[in-house]
Amino acid sequence: MGKLSENCAKMLLRQDNPPRPGRAGTLIFGQEFKNQEDYFKDTPVLTEIMPITGNYMMMSGFPQGFERKVYTMSDGHQGGPYPKYNRNADKLMLFSGTNPDDLNDLGAHVEFHLGEGKDEQVFHFDEPRGIFVPKGVRHGPIYITKFRRNLTIFVVFTQPSKTACDIVNDWTYVGDNEKIHEVIGGDMSLYEKFFAENPK
Amino acid sequence: MGKYADHCITMFLKHHNSPEPGRSDVFMFGEDHFKGAAHWVEIWTVTGNNMMMQGTPKDGDPIIHIGPDGHRGGPYPKYHRHADNLMFFYGTDPGNLTDLGAHVEFHLGEGDDEEVFHFDEPRCIFVPKGVRHGPMYITEFRRNLVIFDLLTAPTRSAAGTENDFTYVAEESKVVIPDS
């Protein structure tokens with residue numbers, strides 16, 4: 001076998017179960033687990049590619065009045081829809097549209113929260129942007145609204161795996177009901193349906 | 001100004017000097033745009049049959065572009081002497097994420113070590129530091145796909161990119177883009 005024969009790597013396609021409205025799964029490339037199809041020993045970075053197909057929110061907390069849950073993922077990692085800190089990695093999130101005839105059209109409106117307390121910055125944009133999340137800085141929620149056309153979020157961590165990133169959730173964060181409604185409309189039962197149980 | 005006020009960055013959109021059929025303009029991001037950036041990233045959409053780093057014909061004149069920084073470039077296979085390069089190929093059909101939308105032939109390495117990859121599903125090509133990569137031929141185009149190109153250096157200069165100006169194009173492989 002040639003020395004470069006393994007350098008064309010298949011990315012792990014993680015499709016949410018149950019499906020998440022507004023997102024068509026995630027393509028992941030990194031060094032998470034051996035024998036998993038996204039494992040590549042020599043990569044210095046972990047990368048995720050997320051197609052966004054409708055209004056969507058991430059790291060938004062649970063609505064006020066909902067039971068807050070902590071999910072246990074298939075690898076034993078604890079997670080959930082909470083703002084996060086990457087204790088041991090910088091993170092770059094690139095928001096890009098899919099209209100090659102108008103590359104400045106992101107296809108939706110994004111509201112991105114970076115930092116907390118007095119340092120919190122809230123970015124609003126509807127053109128392509130890169131958000132740099134420094135190590136140890138809280139980020140999220142992200143609200144994607146006024147969806148018109150598919151867009152893509154590329155995520156690059158300066159570590160090869162989530163474990164090495166040392167990701168910590170802000171379990172105390174309570175969702176902003178008004179913002180959540182803006183994303184999913186008035187049907188909170190839809191929210192309850194797809195966040196009710198552990199993703200598989 | 002808040003301490004993170006400048007952390008939402010407008011990516012630079014590089015326009016082609018002349019139209020390049022089959023390929024959109026390119027978004028770029030790196031230390032030129034944000035001081036703390038660890039990587040140089042480029043994003044472009046493939047909109048038709050296309051080729052890159054294909055070389056020039058045997059009896060043709062070399063095509064050498066001189067950039068504003070004096071860097072010599074052109075449609076030739078490349079080496080990044082000081083950085084690894086990850087090239088992600090993915091499709092734009094959210095209903096079928098395993099469909100890349102075209103066929104890609106990617107040459108990695110040279111001589112006895114050369115590998116030629118063929119794929120029509122999403123892939124990441126990992127180009128180690130100092131290893132030649134290219135040509136790349138995109139054919140059987142059916143649907144737009146995106147290339148997300150990442151260098152493990154914050155600028156192109158730091159990556160130490162060099163071209164193999166000696167590479168002669170393989171004429172049987174030349175891709176004629178749709179106009």
# chains A, B, ... in the order shown; residues from 1 in each chain; ligands from 1
>>> interface_residues(of="chain A", to="chain B", cutoff="7 Å", atoms="only C-alpha atoms", output="PyMOL selection string")
chain A and resi 2-5+7-11+24+51+100+119+121+123+128-132
>>> residues_around(residues="Leu13 in chain A", least_positions_apart="2", cutoff="8 Å", atoms="only C-alpha atoms", output="list in words")
Met11, Gln15, Gly25, Thr26, Leu27 and Ile28 of chain A; Leu97 of chain B
>>> select_by_dssp(residues="chain A", states="strand (DSSP E)", output="compact mmCIF listing (two decimals) with N, CA and C atoms, in the first residue's frame")
# COMPACT_ATOMS: atom_id res chain seq x y z
N CYS A 8 -7.04 10.06 1.27
CA CYS A 8 -8.34 10.49 0.77
C CYS A 8 -9.36 9.90 1.75
N ALA A 9 -9.78 10.71 2.70
CA ALA A 9 -10.51 10.17 3.85
C ALA A 9 -12.00 10.45 3.72
N LYS A 10 -12.75 9.45 4.06
CA LYS A 10 -14.21 9.60 4.09
C LYS A 10 -14.57 10.31 5.39
N LEU A 12 -17.13 11.29 8.46
CA LEU A 12 -18.27 10.67 9.14
C LEU A 12 -19.50 11.52 8.87
N LEU A 13 -20.56 10.88 8.44
CA LEU A 13 -21.82 11.58 8.24
C LEU A 13 -22.72 11.27 9.43
N ARG A 14 -22.91 12.25 10.27
CA ARG A 14 -23.79 12.06 11.43
C ARG A 14 -25.15 12.66 11.11
N THR A 26 -24.44 16.33 9.76
CA THR A 26 -23.12 16.94 9.91
C THR A 26 -22.07 16.02 9.30
N LEU A 27 -21.18 16.58 8.52
CA LEU A 27 -20.00 15.84 8.05
C LEU A 27 -18.84 16.19 8.99
N ILE A 28 -18.20 15.17 9.54
CA ILE A 28 -17.19 15.38 10.56
C ILE A 28 -15.87 14.74 10.12
N PHE A 29 -14.78 15.42 10.36
CA PHE A 29 -13.45 14.88 10.05
C PHE A 29 -12.54 15.18 11.21
N LEU A 46 -9.92 19.29 14.00
CA LEU A 46 -11.23 18.67 13.88
C LEU A 46 -12.09 19.63 13.07
N THR A 47 -12.80 19.08 12.09
CA THR A 47 -13.63 19.93 11.23
C THR A 47 -15.03 19.37 11.14
N GLU A 48 -16.01 20.26 11.12
CA GLU A 48 -17.40 19.86 10.92
C GLU A 48 -18.00 20.72 9.82
N ILE A 49 -18.85 20.11 9.02
CA ILE A 49 -19.56 20.84 7.95
C ILE A 49 -21.04 20.62 8.17
N MET A 50 -21.79 21.70 8.34
CA MET A 50 -23.23 21.59 8.67
C MET A 50 -24.06 22.33 7.62
N PRO A 51 -24.83 21.60 6.83
CA PRO A 51 -25.76 22.30 5.93
C PRO A 51 -27.00 22.75 6.71
N ILE A 52 -27.36 24.01 6.53
CA ILE A 52 -28.54 24.57 7.20
C ILE A 52 -29.64 24.70 6.16
N TYR A 56 -33.10 27.80 12.29
CA TYR A 56 -32.38 26.84 13.13
C TYR A 56 -31.77 27.56 14.32
N MET A 57 -31.54 26.82 15.39
CA MET A 57 -30.85 27.41 16.52
C MET A 57 -29.90 26.37 17.13
N MET A 58 -28.83 26.88 17.72
CA MET A 58 -27.83 26.02 18.35
C MET A 58 -27.46 26.63 19.67
N TYR A 71 -27.98 15.38 27.87
CA TYR A 71 -27.98 14.19 27.03
C TYR A 71 -26.71 13.39 27.28
N THR A 72 -26.86 12.09 27.21
CA THR A 72 -25.67 11.23 27.21
C THR A 72 -25.52 10.68 25.80
N GLN A 78 -21.29 13.87 27.80
CA GLN A 78 -22.53 14.55 28.18
C GLN A 78 -22.65 15.85 27.41
N GLY A 79 -23.83 16.09 26.87
CA GLY A 79 -24.00 17.30 26.09
C GLY A 79 -25.43 17.80 26.12
N LYS A 84 -21.40 26.93 24.96
CA LYS A 84 -20.24 26.09 25.26
C LYS A 84 -18.96 26.90 25.42
N TYR A 85 -18.02 26.26 26.09
CA TYR A 85 -16.65 26.73 26.18
C TYR A 85 -15.77 25.62 25.61
N ASN A 86 -14.82 25.99 24.78
CA ASN A 86 -13.76 25.06 24.38
C ASN A 86 -12.54 25.43 25.21
N LYS A 91 -11.76 28.10 18.10
CA LYS A 91 -12.75 27.55 17.16
C LYS A 91 -13.08 28.64 16.15
N LEU A 92 -13.08 28.26 14.90
CA LEU A 92 -13.45 29.18 13.83
C LEU A 92 -14.73 28.68 13.21
N MET A 93 -15.74 29.54 13.12
CA MET A 93 -17.01 29.17 12.49
C MET A 93 -17.21 30.07 11.28
N LEU A 94 -17.29 29.45 10.11
CA LEU A 94 -17.44 30.19 8.86
C LEU A 94 -18.85 29.96 8.33
N PHE A 95 -19.56 31.05 8.07
CA PHE A 95 -20.92 30.99 7.56
C PHE A 95 -20.88 31.38 6.09
N SER A 96 -21.32 30.49 5.23
CA SER A 96 -21.19 30.71 3.79
C SER A 96 -22.49 30.36 3.10
N GLY A 97 -22.89 31.15 2.10
CA GLY A 97 -24.11 30.87 1.37
C GLY A 97 -23.89 29.84 0.26
N HIS A 109 -30.65 35.15 8.15
CA HIS A 109 -30.11 36.08 9.14
C HIS A 109 -29.55 35.28 10.30
N VAL A 110 -28.36 35.66 10.74
CA VAL A 110 -27.73 34.97 11.87
C VAL A 110 -27.54 35.94 13.02
N GLU A 111 -27.91 35.48 14.22
CA GLU A 111 -27.60 36.20 15.45
C GLU A 111 -26.67 35.29 16.26
N PHE A 112 -25.48 35.77 16.59
CA PHE A 112 -24.45 34.95 17.22
C PHE A 112 -23.99 35.62 18.50
N HIS A 113 -24.09 34.92 19.62
CA HIS A 113 -23.67 35.44 20.91
C HIS A 113 -22.28 34.92 21.25
N LEU A 114 -21.38 35.85 21.54
CA LEU A 114 -19.99 35.48 21.89
C LEU A 114 -19.61 36.17 23.18
N GLN A 121 -20.86 39.84 23.31
CA GLN A 121 -21.02 40.54 22.05
C GLN A 121 -22.10 39.79 21.26
N VAL A 122 -23.02 40.54 20.69
CA VAL A 122 -24.06 39.90 19.87
C VAL A 122 -23.88 40.39 18.44
N PHE A 123 -23.56 39.46 17.56
CA PHE A 123 -23.36 39.80 16.15
C PHE A 123 -24.63 39.48 15.36
N HIS A 124 -24.98 40.38 14.45
CA HIS A 124 -26.09 40.15 13.52
C HIS A 124 -25.55 40.27 12.11
N PHE A 125 -25.82 39.30 11.26
CA PHE A 125 -25.33 39.40 9.89
C PHE A 125 -26.18 38.56 8.94
N ARG A 129 -19.64 35.37 6.92
CA ARG A 129 -18.76 35.87 7.98
C ARG A 129 -17.98 34.71 8.57
N GLY A 130 -16.86 35.08 9.20
CA GLY A 130 -16.13 34.15 10.05
C GLY A 130 -16.21 34.64 11.48
N ILE A 131 -16.53 33.75 12.41
CA ILE A 131 -16.54 34.12 13.84
C ILE A 131 -15.39 33.37 14.49
N PHE A 132 -14.52 34.12 15.14
CA PHE A 132 -13.39 33.50 15.84
C PHE A 132 -13.75 33.41 17.31
N VAL A 133 -13.78 32.17 17.83
CA VAL A 133 -14.11 31.92 19.24
C VAL A 133 -12.83 31.55 19.96
N HIS A 139 -19.59 30.64 23.88
CA HIS A 139 -20.24 31.02 22.62
C HIS A 139 -21.57 30.31 22.50
N GLY A 140 -22.48 31.01 21.87
CA GLY A 140 -23.87 30.55 21.79
C GLY A 140 -24.69 31.37 22.75
N PRO A 141 -25.99 31.48 22.48
CA PRO A 141 -26.70 30.83 21.38
C PRO A 141 -26.40 31.38 19.98
N ILE A 142 -26.81 30.61 19.00
CA ILE A 142 -26.85 31.03 17.61
C ILE A 142 -28.29 30.85 17.13
N TYR A 143 -28.85 31.90 16.57
CA TYR A 143 -30.21 31.83 16.03
C TYR A 143 -30.15 32.13 14.54
N ILE A 144 -30.71 31.25 13.74
CA ILE A 144 -30.76 31.47 12.29
C ILE A 144 -32.21 31.64 11.90
N THR A 145 -32.54 32.80 11.39
CA THR A 145 -33.94 33.13 11.08
C THR A 145 -34.03 33.74 9.68
N LEU A 151 -27.61 27.44 3.57
CA LEU A 151 -26.27 27.95 3.84
C LEU A 151 -25.47 26.85 4.52
N THR A 152 -24.19 27.08 4.68
CA THR A 152 -23.31 26.07 5.27
C THR A 152 -22.51 26.70 6.39
N ILE A 153 -22.37 25.97 7.48
CA ILE A 153 -21.49 26.38 8.57
C ILE A 153 -20.30 25.42 8.56
N PHE A 154 -19.09 25.97 8.40
CA PHE A 154 -17.86 25.20 8.52
C PHE A 154 -17.26 25.50 9.88
N VAL A 155 -16.86 24.48 10.59
CA VAL A 155 -16.30 24.67 11.92
C VAL A 155 -14.92 24.03 11.94
N VAL A 156 -13.93 24.78 12.42
CA VAL A 156 -12.57 24.26 12.54
C VAL A 156 -12.09 24.49 13.96
N PHE A 157 -11.67 23.43 14.62
CA PHE A 157 -11.10 23.53 15.97
C PHE A 157 -9.57 23.39 15.85
N ILE A 167 -14.50 20.37 25.79
CA ILE A 167 -15.71 21.18 25.63
C ILE A 167 -16.56 21.08 26.89
N VAL A 168 -16.94 22.24 27.39
CA VAL A 168 -17.73 22.32 28.63
C VAL A 168 -19.01 23.07 28.31
N ASN A 169 -20.14 22.55 28.78
CA ASN A 169 -21.42 23.21 28.56
C ASN A 169 -21.74 24.16 29.70
>>> residues_around(residues="Gly55 in chain B", least_positions_apart="5", cutoff="10 Å", atoms="only C-alpha atoms", output="JSON, numbers by chain")
{"B": [60, 62, 63, 74, 75, 76, 77, 134, 135, 163, 164, 165, 166, 167, 168, 169, 170, 171, 174]}
>>> closest_residue(among="A:His181, A:Arg23, A:Lys146, A:Arg68", to="Leu106 in chain A", atoms="only C-alpha atoms")
A:Lys146
>>> atom_distance(atom1="CA of Thr161 in chain B", atom2="CA of Gly111 in chain B")
19.8 Å
>>> closest_residue(among="B:Asp120, B:Asp149, B:Glu20, B:Glu31", to="Val104 in chain B", atoms="only C-alpha atoms")
B:Asp120
>>> atom_distance(atom1="CA of Pro18 in chain A", atom2="CA of Lys69 in chain A")
16.0 Å
>>> residues_around(residues="Ala153 in chain B", least_positions_apart="4", cutoff="6 Å", atoms="only C-alpha atoms", output="list in words")
His39, Trp40, Ala83, Ala158 and Ala159 of chain B
>>> atom_distance(atom1="CA of Glu67 in chain A", atom2="CA of Arg138 in chain A")
22.6 Å
>>> residues_around(residues="Asp166 in chain A", least_positions_apart="3", cutoff="6 Å", atoms="only C-alpha atoms", output="PyMOL selection string")
chain A and resi 86-88+163
>>> write_last_selection(atoms="C-alpha atoms", output="short mmCIF file (atom, residue, chain, number, x, y, z; two decimals), in the first residue's frame")
data_model
loop_
_atom_site.label_atom_id
_atom_site.label_comp_id
_atom_site.auth_asym_id
_atom_site.auth_seq_id
_atom_site.Cartn_x
_atom_site.Cartn_y
_atom_site.Cartn_z
CA ASN A 86 -13.76 25.06 24.38
CA ARG A 87 -11.26 25.06 27.22
CA ASN A 88 -8.37 23.85 25.14
CA THR A 163 -11.94 15.29 23.70
#
>>> select_by_dssp(residues="chain A", states="alpha helix (DSSP H)", output="PyMOL selection string")
chain A and resi 162-165+177-184+188-195
>>> write_last_selection(atoms="N, CA and C atoms", output="compact mmCIF listing (two decimals), in the first residue's frame")
# COMPACT_ATOMS: atom_id res chain seq x y z
N LYS A 162 -12.78 16.26 19.79
CA LYS A 162 -13.59 16.97 20.77
C LYS A 162 -13.03 16.76 22.18
N THR A 163 -12.52 15.57 22.40
CA THR A 163 -11.94 15.29 23.70
C THR A 163 -10.79 16.26 23.98
N ALA A 164 -9.93 16.42 22.98
CA ALA A 164 -8.77 17.33 23.16
C ALA A 164 -9.21 18.78 23.31
N CYS A 165 -10.35 19.14 22.71
CA CYS A 165 -10.86 20.51 22.83
C CYS A 165 -11.33 20.81 24.25
N ASN A 177 -37.14 32.66 25.47
CA ASN A 177 -38.36 32.18 24.79
C ASN A 177 -38.69 32.99 23.55
N GLU A 178 -38.47 34.29 23.65
CA GLU A 178 -38.83 35.15 22.51
C GLU A 178 -37.96 34.80 21.29
N LYS A 179 -36.69 34.57 21.52
CA LYS A 179 -35.78 34.22 20.43
C LYS A 179 -36.11 32.82 19.89
N ILE A 180 -36.44 31.92 20.78
CA ILE A 180 -36.76 30.56 20.35
C ILE A 180 -38.00 30.57 19.47
N HIS A 181 -38.98 31.37 19.88
CA HIS A 181 -40.20 31.50 19.06
C HIS A 181 -39.88 32.06 17.68
N GLU A 182 -38.94 32.99 17.67
CA GLU A 182 -38.57 33.61 16.39
C GLU A 182 -38.03 32.56 15.42
N VAL A 183 -37.34 31.57 15.95
CA VAL A 183 -36.77 30.51 15.11
C VAL A 183 -37.83 29.50 14.70
N ILE A 184 -38.57 28.99 15.68
CA ILE A 184 -39.43 27.84 15.37
C ILE A 184 -40.89 28.21 15.26
N MET A 188 -44.43 25.23 20.03
CA MET A 188 -43.42 24.72 20.98
C MET A 188 -43.45 23.19 21.05
N SER A 189 -44.54 22.61 20.59
CA SER A 189 -44.59 21.13 20.63
C SER A 189 -43.57 20.56 19.66
N LEU A 190 -43.28 21.30 18.59
CA LEU A 190 -42.27 20.85 17.64
C LEU A 190 -40.91 20.80 18.33
N TYR A 191 -40.63 21.83 19.12
CA TYR A 191 -39.39 21.88 19.90
C TYR A 191 -39.35 20.70 20.86
N GLU A 192 -40.46 20.47 21.53
CA GLU A 192 -40.49 19.40 22.52
C GLU A 192 -40.22 18.06 21.86
N LYS A 193 -40.71 17.91 20.65
CA LYS A 193 -40.58 16.64 19.94
C LYS A 193 -39.11 16.35 19.64
N PHE A 194 -38.38 17.31 19.08
CA PHE A 194 -37.03 16.93 18.66
C PHE A 194 -35.95 17.17 19.71
N PHE A 195 -36.28 17.79 20.81
CA PHE A 195 -35.29 17.89 21.88
C PHE A 195 -35.67 17.07 23.10
>>> decode(residues="range 64-121 of chain A", atoms="C-alpha atoms", output="mmCIF file, in the first residue's frame")
data_model
loop_
_atom_site.group_PDB
_atom_site.id
_atom_site.type_symbol
_atom_site.label_atom_id
_atom_site.label_comp_id
_atom_site.auth_asym_id
_atom_site.auth_seq_id
_atom_site.Cartn_x
_atom_site.Cartn_y
_atom_site.Cartn_z
ATOM 1 C CA GLN A 64 -38.236 28.680 30.366
ATOM 2 C CA GLY A 65 -40.654 26.267 31.906
ATOM 3 C CA PHE A 66 -39.244 23.222 30.046
ATOM 4 C CA GLU A 67 -37.427 20.478 31.871
ATOM 5 C CA ARG A 68 -33.746 21.009 31.274
ATOM 6 C CA LYS A 69 -32.052 17.840 30.092
ATOM 7 C CA VAL A 70 -28.512 16.599 29.883
ATOM 8 C CA TYR A 71 -27.978 14.192 27.029
ATOM 9 C CA THR A 72 -25.673 11.226 27.209
ATOM 10 C CA MET A 73 -24.218 10.646 23.751
ATOM 11 C CA SER A 74 -23.298 7.285 22.308
ATOM 12 C CA ASP A 75 -19.668 7.785 23.364
ATOM 13 C CA GLY A 76 -20.616 8.584 26.959
ATOM 14 C CA HIS A 77 -19.970 12.291 26.495
ATOM 15 C CA GLN A 78 -22.528 14.549 28.184
ATOM 16 C CA GLY A 79 -24.002 17.299 26.087
ATOM 17 C CA GLY A 80 -27.040 19.311 25.214
ATOM 18 C CA PRO A 81 -28.246 22.493 23.540
ATOM 19 C CA TYR A 82 -26.282 24.852 25.769
ATOM 20 C CA PRO A 83 -23.697 27.561 25.153
ATOM 21 C CA LYS A 84 -20.241 26.091 25.262
ATOM 22 C CA TYR A 85 -16.646 26.730 26.180
ATOM 23 C CA ASN A 86 -13.762 25.056 24.380
ATOM 24 C CA ARG A 87 -11.262 25.057 27.224
ATOM 25 C CA ASN A 88 -8.366 23.845 25.139
ATOM 26 C CA ALA A 89 -9.002 25.021 21.588
ATOM 27 C CA ASP A 90 -9.788 28.034 19.473
ATOM 28 C CA LYS A 91 -12.747 27.553 17.162
ATOM 29 C CA LEU A 92 -13.446 29.180 13.826
ATOM 30 C CA MET A 93 -17.010 29.166 12.488
ATOM 31 C CA LEU A 94 -17.443 30.194 8.865
ATOM 32 C CA PHE A 95 -20.921 30.985 7.564
ATOM 33 C CA SER A 96 -21.192 30.715 3.794
ATOM 34 C CA GLY A 97 -24.113 30.871 1.366
ATOM 35 C CA THR A 98 -24.859 28.548 -1.533
ATOM 36 C CA ASN A 99 -25.682 31.011 -4.285
ATOM 37 C CA PRO A 100 -22.681 31.169 -6.625
ATOM 38 C CA ASP A 101 -24.346 34.030 -8.525
ATOM 39 C CA ASP A 102 -24.431 36.184 -5.415
ATOM 40 C CA LEU A 103 -21.713 35.091 -3.020
ATOM 41 C CA ASN A 104 -22.554 37.916 -0.612
ATOM 42 C CA ASP A 105 -25.996 36.482 0.022
ATOM 43 C CA LEU A 106 -25.817 34.238 3.080
ATOM 44 C CA GLY A 107 -29.414 33.095 2.610
ATOM 45 C CA ALA A 108 -30.624 33.827 6.144
ATOM 46 C CA HIS A 109 -30.110 36.081 9.138
ATOM 47 C CA VAL A 110 -27.730 34.967 11.870
ATOM 48 C CA GLU A 111 -27.597 36.195 15.453
ATOM 49 C CA PHE A 112 -24.447 34.946 17.218
ATOM 50 C CA HIS A 113 -23.671 35.438 20.912
ATOM 51 C CA LEU A 114 -19.995 35.477 21.890
ATOM 52 C CA GLY A 115 -18.771 35.922 25.442
ATOM 53 C CA GLU A 116 -20.828 36.512 28.563
ATOM 54 C CA GLY A 117 -21.700 39.172 31.112
ATOM 55 C CA LYS A 118 -20.241 42.568 30.332
ATOM 56 C CA ASP A 119 -18.076 41.047 27.598
ATOM 57 C CA GLU A 120 -20.955 39.525 25.682
ATOM 58 C CA GLN A 121 -21.018 40.544 22.050
#
